[in-house]
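The file my_file.csv comes next; it holds CSV, C-alpha atoms and all ligand atoms.
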```csv
chain,number,residue,atom,x,y,z
A,1,MET,CA,-28.0,-124.9,1.6
A,2,ALA,CA,-29.1,-121.4,2.7
A,3,MET,CA,-32.8,-120.8,3.3
A,4,ASP,CA,-35.1,-118.0,4.3
A,5,ARG,CA,-37.8,-118.4,6.8
A,6,ASP,CA,-40.8,-116.1,6.3
A,7,GLY,CA,-43.4,-116.6,8.9
A,8,ALA,CA,-45.5,-113.7,7.7
A,9,MET,CA,-47.3,-115.6,4.9
A,10,HIS,CA,-47.2,-119.1,6.4
A,11,PRO,CA,-46.2,-120.3,9.9
A,12,ARG,CA,-43.8,-122.9,8.6
A,13,LEU,CA,-42.5,-121.7,5.3
A,14,THR,CA,-39.0,-122.4,3.9
A,15,VAL,CA,-37.8,-120.7,0.7
A,16,LEU,CA,-34.8,-122.3,-0.9
A,17,THR,CA,-32.5,-119.5,-1.7
A,18,HIS,CA,-29.5,-121.6,-2.9
A,19,PRO,CA,-28.0,-119.9,-6.0
A,20,LEU,CA,-28.2,-123.1,-8.1
A,21,VAL,CA,-31.9,-123.5,-7.2
A,22,GLN,CA,-32.6,-119.8,-8.1
A,23,HIS,CA,-30.6,-119.9,-11.3
A,24,LYS,CA,-32.4,-123.1,-12.5
A,25,LEU,CA,-35.7,-121.6,-11.6
A,26,THR,CA,-35.0,-118.5,-13.6
A,27,ILE,CA,-34.3,-120.7,-16.7
A,28,MET,CA,-37.6,-122.5,-16.1
A,29,ARG,CA,-39.5,-119.3,-16.0
A,30,ARG,CA,-38.2,-118.1,-19.4
A,31,ARG,CA,-40.8,-118.3,-22.2
A,32,GLU,CA,-38.2,-119.7,-24.6
A,33,THR,CA,-37.1,-122.7,-22.4
A,34,SER,CA,-38.0,-125.9,-24.3
A,35,THR,CA,-40.1,-128.7,-22.8
A,36,GLY,CA,-37.0,-131.0,-22.6
A,37,GLU,CA,-35.0,-128.3,-20.7
A,38,PHE,CA,-37.9,-127.5,-18.5
A,39,ARG,CA,-38.5,-131.1,-17.5
A,40,ALA,CA,-34.8,-131.7,-16.8
A,41,LEU,CA,-34.5,-128.6,-14.7
A,42,ALA,CA,-37.7,-129.5,-12.8
A,43,ARG,CA,-36.0,-132.8,-12.0
A,44,GLU,CA,-32.8,-131.2,-10.9
A,45,VAL,CA,-34.5,-128.5,-8.7
A,46,SER,CA,-36.7,-131.2,-7.1
A,47,LEU,CA,-33.7,-133.3,-6.2
A,48,LEU,CA,-32.3,-130.2,-4.4
A,49,MET,CA,-35.6,-129.6,-2.7
A,50,ALA,CA,-35.6,-133.3,-1.5
A,51,TYR,CA,-32.2,-132.7,0.0
A,52,GLU,CA,-33.6,-129.9,2.1
A,53,LEU,CA,-36.9,-131.6,2.9
A,54,THR,CA,-35.0,-134.7,4.3
A,55,ARG,CA,-32.4,-132.8,6.3
A,56,ASP,CA,-33.9,-133.8,9.7
A,57,LEU,CA,-34.7,-137.5,8.9
A,58,PRO,CA,-33.9,-139.6,12.0
A,59,ILE,CA,-30.8,-141.7,11.7
A,60,GLN,CA,-29.5,-144.6,13.7
A,61,ASN,CA,-26.1,-146.4,13.8
A,62,VAL,CA,-26.1,-149.8,12.3
A,63,PRO,CA,-23.4,-152.5,12.2
A,64,ILE,CA,-21.6,-152.8,8.9
A,65,ASP,CA,-18.3,-154.3,7.6
A,66,THR,CA,-16.0,-152.1,5.6
A,67,PRO,CA,-13.3,-154.0,3.6
A,68,LEU,CA,-11.0,-153.4,6.6
A,69,GLU,CA,-13.1,-153.7,9.8
A,70,PRO,CA,-16.5,-153.7,11.3
A,71,MET,CA,-18.0,-150.3,12.3
A,72,MET,CA,-21.2,-148.7,13.5
A,73,ALA,CA,-22.3,-146.4,10.6
A,74,PRO,CA,-25.3,-144.0,10.4
A,75,ALA,CA,-28.3,-145.0,8.3
A,76,ILE,CA,-31.8,-143.6,8.0
A,77,ALA,CA,-34.0,-145.1,10.7
A,78,GLY,CA,-37.4,-146.7,10.3
A,79,LYS,CA,-39.8,-146.5,7.4
A,80,LYS,CA,-38.8,-143.9,4.8
A,81,LEU,CA,-40.6,-141.5,2.7
A,82,CYS,CA,-43.7,-141.5,0.6
A,83,ILE,CA,-43.9,-138.9,-2.1
A,84,VAL,CA,-47.5,-138.0,-3.0
A,85,SER,CA,-47.9,-136.4,-6.4
A,86,ILE,CA,-50.8,-134.2,-7.1
A,87,LEU,CA,-51.6,-135.1,-10.7
A,88,ARG,CA,-50.5,-134.4,-13.2
A,89,ALA,CA,-47.8,-131.8,-12.8
A,90,GLY,CA,-46.7,-133.2,-9.4
A,91,ASP,CA,-45.1,-136.1,-11.4
A,92,GLY,CA,-42.4,-133.7,-12.7
A,93,ILE,CA,-41.4,-133.0,-9.1
A,94,ALA,CA,-41.7,-136.6,-7.8
A,95,ALA,CA,-39.2,-137.7,-10.5
A,96,GLY,CA,-36.4,-135.6,-9.2
A,97,MET,CA,-37.1,-136.5,-5.6
A,98,LEU,CA,-36.9,-140.2,-6.5
A,99,ASP,CA,-33.5,-139.6,-8.1
A,100,LEU,CA,-32.3,-138.8,-4.6
A,101,VAL,CA,-34.5,-141.2,-2.6
A,102,PRO,CA,-35.1,-144.1,-4.9
A,103,SER,CA,-36.6,-146.3,-2.2
A,104,ALA,CA,-39.4,-143.9,-1.5
A,105,ARG,CA,-42.9,-145.1,-2.1
A,106,VAL,CA,-45.1,-143.0,-4.4
A,107,GLY,CA,-48.8,-142.1,-4.1
A,108,HIS,CA,-51.0,-140.2,-6.5
A,109,VAL,CA,-53.9,-137.9,-5.9
A,110,GLY,CA,-56.0,-136.6,-8.8
A,111,LEU,CA,-58.2,-133.6,-8.3
A,112,TYR,CA,-60.3,-131.5,-10.7
A,113,ARG,CA,-62.0,-128.2,-10.1
A,114,ASP,CA,-65.8,-128.4,-10.1
A,115,PRO,CA,-66.9,-125.9,-12.7
A,116,VAL,CA,-69.9,-124.7,-10.5
A,117,THR,CA,-68.5,-124.8,-6.9
A,118,HIS,CA,-64.8,-124.2,-8.0
A,119,ARG,CA,-63.9,-126.7,-5.3
A,120,PRO,CA,-61.4,-129.6,-5.9
A,121,VAL,CA,-63.1,-133.0,-6.5
A,122,GLU,CA,-61.1,-136.2,-6.2
A,123,TYR,CA,-61.1,-138.4,-9.3
A,124,TYR,CA,-58.1,-140.6,-8.5
A,125,LEU,CA,-56.3,-141.9,-5.3
A,126,LYS,CA,-53.7,-144.5,-5.0
A,127,LEU,CA,-51.6,-144.6,-1.8
A,128,PRO,CA,-49.1,-147.2,-0.4
A,129,GLU,CA,-50.8,-149.4,2.3
A,130,ASP,CA,-48.4,-148.2,5.0
A,131,VAL,CA,-48.6,-144.5,4.0
A,132,ALA,CA,-49.7,-143.5,7.6
A,133,GLU,CA,-46.4,-144.7,9.0
A,134,ARG,CA,-44.2,-142.7,6.6
A,135,LEU,CA,-43.1,-139.1,6.3
A,136,VAL,CA,-45.3,-137.9,3.4
A,137,ILE,CA,-44.1,-135.3,1.0
A,138,VAL,CA,-46.9,-133.9,-1.1
A,139,VAL,CA,-45.7,-132.3,-4.3
A,140,ASP,CA,-47.2,-130.0,-6.9
A,141,PRO,CA,-45.1,-127.4,-8.8
A,142,MET,CA,-47.5,-124.5,-8.3
A,143,LEU,CA,-49.1,-123.5,-5.0
A,144,ALA,CA,-51.7,-121.2,-6.6
A,145,THR,CA,-55.1,-120.9,-4.8
A,146,GLY,CA,-54.0,-123.6,-2.3
A,147,HIS,CA,-57.3,-125.4,-2.6
A,148,SER,CA,-55.9,-128.6,-4.3
A,149,ALA,CA,-53.0,-128.8,-1.9
A,150,ALA,CA,-55.3,-128.4,1.1
A,151,ALA,CA,-57.7,-131.0,-0.3
A,152,ALA,CA,-54.9,-133.5,-0.9
A,153,LEU,CA,-53.6,-133.0,2.6
A,154,ASP,CA,-57.2,-133.4,4.0
A,155,ARG,CA,-57.4,-136.7,2.1
A,156,LEU,CA,-54.1,-137.9,3.4
A,157,ARG,CA,-55.1,-137.0,7.0
A,158,ARG,CA,-58.2,-139.1,6.5
A,159,ALA,CA,-55.9,-141.9,5.4
A,160,GLY,CA,-54.1,-141.6,8.8
A,161,CYS,CA,-51.1,-139.5,7.8
A,162,THR,CA,-49.7,-137.3,10.6
A,163,ASN,CA,-46.3,-136.4,9.3
A,164,MET,CA,-46.6,-134.4,6.1
A,165,ARG,CA,-44.7,-131.7,4.2
A,166,PHE,CA,-45.6,-129.8,1.0
A,167,ALA,CA,-43.1,-128.9,-1.7
A,168,CYS,CA,-43.6,-126.7,-4.7
A,169,LEU,CA,-41.5,-124.7,-7.1
A,170,LEU,CA,-43.5,-121.5,-6.9
A,171,ALA,CA,-46.0,-120.3,-4.3
A,172,ALA,CA,-48.5,-117.4,-4.4
A,173,PRO,CA,-49.2,-115.5,-1.2
A,174,GLU,CA,-52.9,-116.5,-1.6
A,175,GLY,CA,-52.1,-120.2,-1.6
A,176,LEU,CA,-49.8,-119.9,1.3
A,177,LYS,CA,-52.5,-118.2,3.4
A,178,VAL,CA,-55.1,-120.9,2.5
A,179,LEU,CA,-52.7,-123.7,3.2
A,180,GLY,CA,-51.4,-122.1,6.4
A,181,GLU,CA,-55.0,-121.8,7.7
A,182,ALA,CA,-56.1,-125.3,6.7
A,183,HIS,CA,-52.9,-127.1,7.7
A,184,PRO,CA,-50.7,-124.9,9.9
A,185,ASP,CA,-48.6,-127.9,11.0
A,186,VAL,CA,-47.5,-128.9,7.5
A,187,GLU,CA,-44.2,-127.4,6.6
A,188,VAL,CA,-44.1,-125.8,3.2
A,189,PHE,CA,-40.9,-125.7,1.0
A,190,THR,CA,-40.8,-123.5,-2.1
A,191,CYS,CA,-38.2,-122.0,-4.4
A,192,ALA,CA,-39.9,-118.6,-4.6
A,193,VAL,CA,-43.0,-116.7,-3.4
A,194,ASP,CA,-44.3,-114.7,-6.4
A,195,ARG,CA,-46.3,-111.5,-6.4
A,196,ALA,CA,-50.0,-112.7,-6.7
A,197,LEU,CA,-52.5,-114.7,-8.6
A,198,ASP,CA,-54.2,-113.3,-11.7
A,199,GLU,CA,-57.9,-113.5,-12.5
A,200,HIS,CA,-57.4,-117.0,-14.0
A,201,ALA,CA,-55.6,-118.2,-10.9
A,202,TYR,CA,-52.2,-118.2,-12.6
A,203,ILE,CA,-49.2,-117.3,-10.5
A,204,ARG,CA,-47.6,-114.0,-11.6
A,205,PRO,CA,-44.9,-113.5,-12.8
A,206,GLY,CA,-44.8,-117.3,-12.5
A,207,LEU,CA,-43.7,-119.8,-15.2
A,208,GLY,CA,-47.0,-120.5,-17.0
A,209,ASP,CA,-48.8,-123.8,-16.8
A,210,ALA,CA,-46.4,-126.2,-15.2
A,211,GLY,CA,-48.2,-129.3,-16.6
A,212,ASP,CA,-48.1,-128.0,-20.1
A,213,ARG,CA,-44.5,-127.0,-19.8
A,214,LEU,CA,-43.5,-130.3,-18.3
A,215,PHE,CA,-45.4,-132.5,-20.8
A,216,GLY,CA,-45.4,-130.3,-23.9
A,217,THR,CA,-49.2,-130.2,-24.2
A,218,LYS,CA,-49.4,-126.6,-25.4
A,301,LIG,N1,-51.0,-123.9,-12.1
A,301,LIG,C1,-50.0,-123.7,-13.0
A,301,LIG,O1,-49.6,-124.6,-13.7
A,301,LIG,N2,-49.5,-122.4,-13.2
A,301,LIG,C2,-50.0,-121.4,-12.4
A,301,LIG,O2,-49.5,-120.3,-12.6
A,301,LIG,C3,-51.0,-121.7,-11.5
A,301,LIG,C4,-51.5,-123.0,-11.3
```

Translate the structure of the given file into structure tokens.
Ligand code: URA
Amino acid sequence: MAMDRDGAMHPRLTVLTHPLVQHKLTIMRRRETSTGEFRALAREVSLLMAYELTRDLPIQNVPIDTPLEPMMAPAIAGKKLCIVSILRAGDGIAAGMLDLVPSARVGHVGLYRDPVTHRPVEYYLKLPEDVAERLVIVVDPMLATGHSAAAALDRLRRAGCTNMRFACLLAAPEGLKVLGEAHPDVEVFTCAVDRALDEHAYIRPGLGDAGDRLFGTK
């Protein structure tokens, strides 16, 4: 799957330029796309993102028996993934990743924006006990200001995680900058980098409110 690497906005940024990803994302952006279509496409695009995110997982040869003879065959080595969804919209991305990696563990982080300080405040956290031993993929469809993503990664570091990646459908340059400064070691995967944030912190041109579009709440 072809990718662009653009170090200007983030030291470790991968943009998934595969035509199928871009085509599906375009349908998701359209105003007239229904909730059901949007949710199905989010799942498909997330599966394709998971394919890229896991490209370099370590493998080891293990002994198996085919119907005809024994052989050493490659299998993923060690503990596998943990997908951490930033509530609520991250769940729409986690679903597609789990289609590809059904054995992955799943964690959830809930954050709200304090109305006075505008900083993210944690209201929910549930992580697998062995999260620190896993490759952690933090997912949120929209990397807007970057504050929620940075706070989620901070929290995971405090839980002992050292091997983390972040995946989103769309990123704003502002969010990439914040995340790159706070967590320069965390690779970011996105399907597109849009123009900018507007005054309400929506990504433009964007796709609207990803949570509302996934769950039909507006
Ligand atoms: N969250 C969204 O759902 N959409 C945006 O454009 C920005 C943040």

Counting all atoms listed in the file, figure out which residue out of A:Glu44, A:Asp65, A:Glu174, A:Glu129 gets nearest to Arg105 of chain A.
-> A:Glu129

Could you give me, as a VMD selection string, the residues that sit within 8 Å of (-45.6, -143.6, 8.5) in the file's coordinates, counting all atoms listed in the file?
-> chain A and resid 79 to 81 130 to 136 161 to 163

So, counting all atoms listed in the file, which residue among A:Val62, A:Leu125, A:Val15, A:Leu98 is closest to Arg43 of chain A?
->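 For Arg43 of chain A, the nearest of the given residues is A:Leu98.
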
Residue nearest ligand LIG 301 (chain A) among A:Ala77, A:Leu153, A:Ala171, A:Leu57 (counting only C-alpha atoms and all ligand atoms) = A:Ala171

Pick out the residues no farther than 6 Å from ligand LIG 301 (chain A), counting all atoms listed in the file, and list them as a list in words.
->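 Written in the requested form, the residues are Met142, Ala144, Ala201, Tyr202, Ile203, Gly206, Gly208, Asp209, Ala210 and Gly211 of chain A.
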
Could you check how far atom CA of Leu179 of chain A sits from atom CA of Asp91 of chain A, in Å to one decimal?
->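 A separation of 20.6 Å between them.
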
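Look at Arg12 of chain A: the protein and nucleic acid residues within 12 Å of it, using only C-alpha atoms and passing over chain neighbours fewer than 5 places away, are Asp4, Arg5, Asp6, Gly7, Arg165, Phe166, Ala167, Leu176, Lys177, Leu179, Gly180, Glu181, His183, Pro184, Asp185, Val186, Glu187, Val188, Phe189 and Thr190 of chain A.
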
Pick out the closest residue to Ala50 of chain A from this set: A:Leu143, A:Ala159, A:Ile137, A:Ile64. Count only C-alpha atoms.
->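 Nearest candidate to Ala50 of chain A out of A:Leu143, A:Ala159, A:Ile137, A:Ile64: A:Ile137.
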
Would you list the residues near (-63.9, -137.6, -13.2), meaning any protein, DNA or RNA residue with an atom at most 9 Å from that point in file coordinates, counting all atoms listed in the file, as a PDB file with C-alpha atoms, in the frame of the given file?
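This went into part_1.pdb:
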```pdb
ATOM      1  CA  LEU A 111     -58.200-133.600  -8.300  1.00  0.00           C
ATOM      2  CA  TYR A 112     -60.300-131.500 -10.700  1.00  0.00           C
ATOM      3  CA  VAL A 121     -63.100-133.000  -6.500  1.00  0.00           C
ATOM      4  CA  GLU A 122     -61.100-136.200  -6.200  1.00  0.00           C
ATOM      5  CA  TYR A 123     -61.100-138.400  -9.300  1.00  0.00           C
ATOM      6  CA  TYR A 124     -58.100-140.600  -8.500  1.00  0.00           C
TER       7      TYR A 124
END
```

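Straight-line separation from atom CA of Cys168 of chain A to atom CA of Ala192 of chain A: 8.9 Å.
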
Go ahead and compute the interatomic distance for atom CA of Val138 of chain A and atom CA of Leu53 of chain A, in Å to one decimal.
->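 Pair atom CA of Val138 of chain A / atom CA of Leu53 of chain A returns 11.0 Å.
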
Long-range neighbours of Ala42 of chain A as a list of chain:residue names, 8 Å cut-off, all atoms listed in the file, 5 positions minimum in chain | A:Met28, A:Gly92, A:Ile93, A:Gly96

Which is closest to Gly175 of chain A among A:Asp194, A:Ile76, A:Glu32, A:Arg157, if we use only C-alpha atoms?
->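 Of A:Asp194, A:Ile76, A:Glu32, A:Arg157, the one nearest Gly175 of chain A is A:Asp194, counting only C-alpha atoms.
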
Return segment 87-107 of chain A, completed with N, CA, C and O atoms, as a tab-separated table (two decimals), keeping the file's coordinate frame.
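The result, stored in selection-v5.tsv:
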```
chain	number	residue	atom	x	y	z
A	87	LEU	N	-51.65	-134.98	-9.28
A	87	LEU	CA	-51.60	-135.10	-10.70
A	87	LEU	C	-52.09	-133.83	-11.40
A	87	LEU	O	-52.93	-133.12	-10.86
A	88	ARG	N	-51.52	-133.58	-12.62
A	88	ARG	CA	-50.50	-134.40	-13.20
A	88	ARG	C	-49.11	-133.79	-13.02
A	88	ARG	O	-48.10	-134.48	-13.10
A	89	ALA	N	-49.06	-132.47	-12.75
A	89	ALA	CA	-47.80	-131.80	-12.80
A	89	ALA	C	-46.87	-132.23	-11.60
A	89	ALA	O	-45.64	-132.13	-11.69
A	90	GLY	N	-47.48	-132.75	-10.53
A	90	GLY	CA	-46.70	-133.20	-9.40
A	90	GLY	C	-45.69	-134.31	-9.83
A	90	GLY	O	-44.64	-134.48	-9.20
A	91	ASP	N	-46.01	-135.04	-10.90
A	91	ASP	CA	-45.10	-136.10	-11.40
A	91	ASP	C	-43.75	-135.58	-11.77
A	91	ASP	O	-42.74	-136.28	-11.66
A	92	GLY	N	-43.73	-134.34	-12.27
A	92	GLY	CA	-42.40	-133.70	-12.70
A	92	GLY	C	-41.55	-133.46	-11.49
A	92	GLY	O	-40.32	-133.42	-11.62
A	93	ILE	N	-42.15	-133.26	-10.33
A	93	ILE	CA	-41.40	-133.00	-9.10
A	93	ILE	C	-41.00	-134.35	-8.46
A	93	ILE	O	-39.87	-134.53	-7.99
A	94	ALA	N	-41.95	-135.28	-8.45
A	94	ALA	CA	-41.70	-136.60	-7.80
A	94	ALA	C	-40.48	-137.25	-8.50
A	94	ALA	O	-39.66	-137.88	-7.82
A	95	ALA	N	-40.33	-137.08	-9.81
A	95	ALA	CA	-39.20	-137.70	-10.50
A	95	ALA	C	-37.88	-137.34	-9.98
A	95	ALA	O	-37.00	-138.18	-9.77
A	96	GLY	N	-37.70	-136.05	-9.71
A	96	GLY	CA	-36.40	-135.60	-9.20
A	96	GLY	C	-36.19	-136.03	-7.76
A	96	GLY	O	-35.05	-136.35	-7.37
A	97	MET	N	-37.26	-136.06	-6.98
A	97	MET	CA	-37.10	-136.50	-5.60
A	97	MET	C	-36.71	-137.98	-5.55
A	97	MET	O	-35.90	-138.41	-4.73
A	98	LEU	N	-37.28	-138.75	-6.49
A	98	LEU	CA	-36.90	-140.20	-6.50
A	98	LEU	C	-35.51	-140.43	-6.97
A	98	LEU	O	-34.92	-141.45	-6.62
A	99	ASP	N	-34.94	-139.50	-7.73
A	99	ASP	CA	-33.50	-139.60	-8.10
A	99	ASP	C	-32.67	-139.66	-6.82
A	99	ASP	O	-31.66	-140.35	-6.74
A	100	LEU	N	-33.09	-138.86	-5.82
A	100	LEU	CA	-32.30	-138.80	-4.60
A	100	LEU	C	-32.70	-139.86	-3.59
A	100	LEU	O	-31.87	-140.35	-2.83
A	101	VAL	N	-33.98	-140.21	-3.56
A	101	VAL	CA	-34.50	-141.20	-2.60
A	101	VAL	C	-35.20	-142.31	-3.36
A	101	VAL	O	-36.43	-142.39	-3.36
A	102	PRO	N	-34.42	-143.17	-4.03
A	102	PRO	CA	-35.10	-144.10	-4.90
A	102	PRO	C	-35.95	-145.15	-4.22
A	102	PRO	O	-36.83	-145.74	-4.85
A	103	SER	N	-35.76	-145.34	-2.91
A	103	SER	CA	-36.60	-146.30	-2.20
A	103	SER	C	-37.91	-145.75	-1.72
A	103	SER	O	-38.72	-146.47	-1.14
A	104	ALA	N	-38.12	-144.47	-1.94
A	104	ALA	CA	-39.40	-143.90	-1.50
A	104	ALA	C	-40.56	-144.53	-2.17
A	104	ALA	O	-40.47	-144.93	-3.32
A	105	ARG	N	-41.67	-144.63	-1.45
A	105	ARG	CA	-42.90	-145.10	-2.10
A	105	ARG	C	-43.56	-143.84	-2.72
A	105	ARG	O	-43.25	-142.70	-2.35
A	106	VAL	N	-44.47	-144.10	-3.64
A	106	VAL	CA	-45.10	-143.00	-4.40
A	106	VAL	C	-46.62	-143.17	-4.35
A	106	VAL	O	-47.11	-144.26	-4.66
A	107	GLY	N	-47.33	-142.13	-3.98
A	107	GLY	CA	-48.80	-142.10	-4.10
A	107	GLY	C	-49.22	-141.06	-5.07
A	107	GLY	O	-48.43	-140.17	-5.43
```
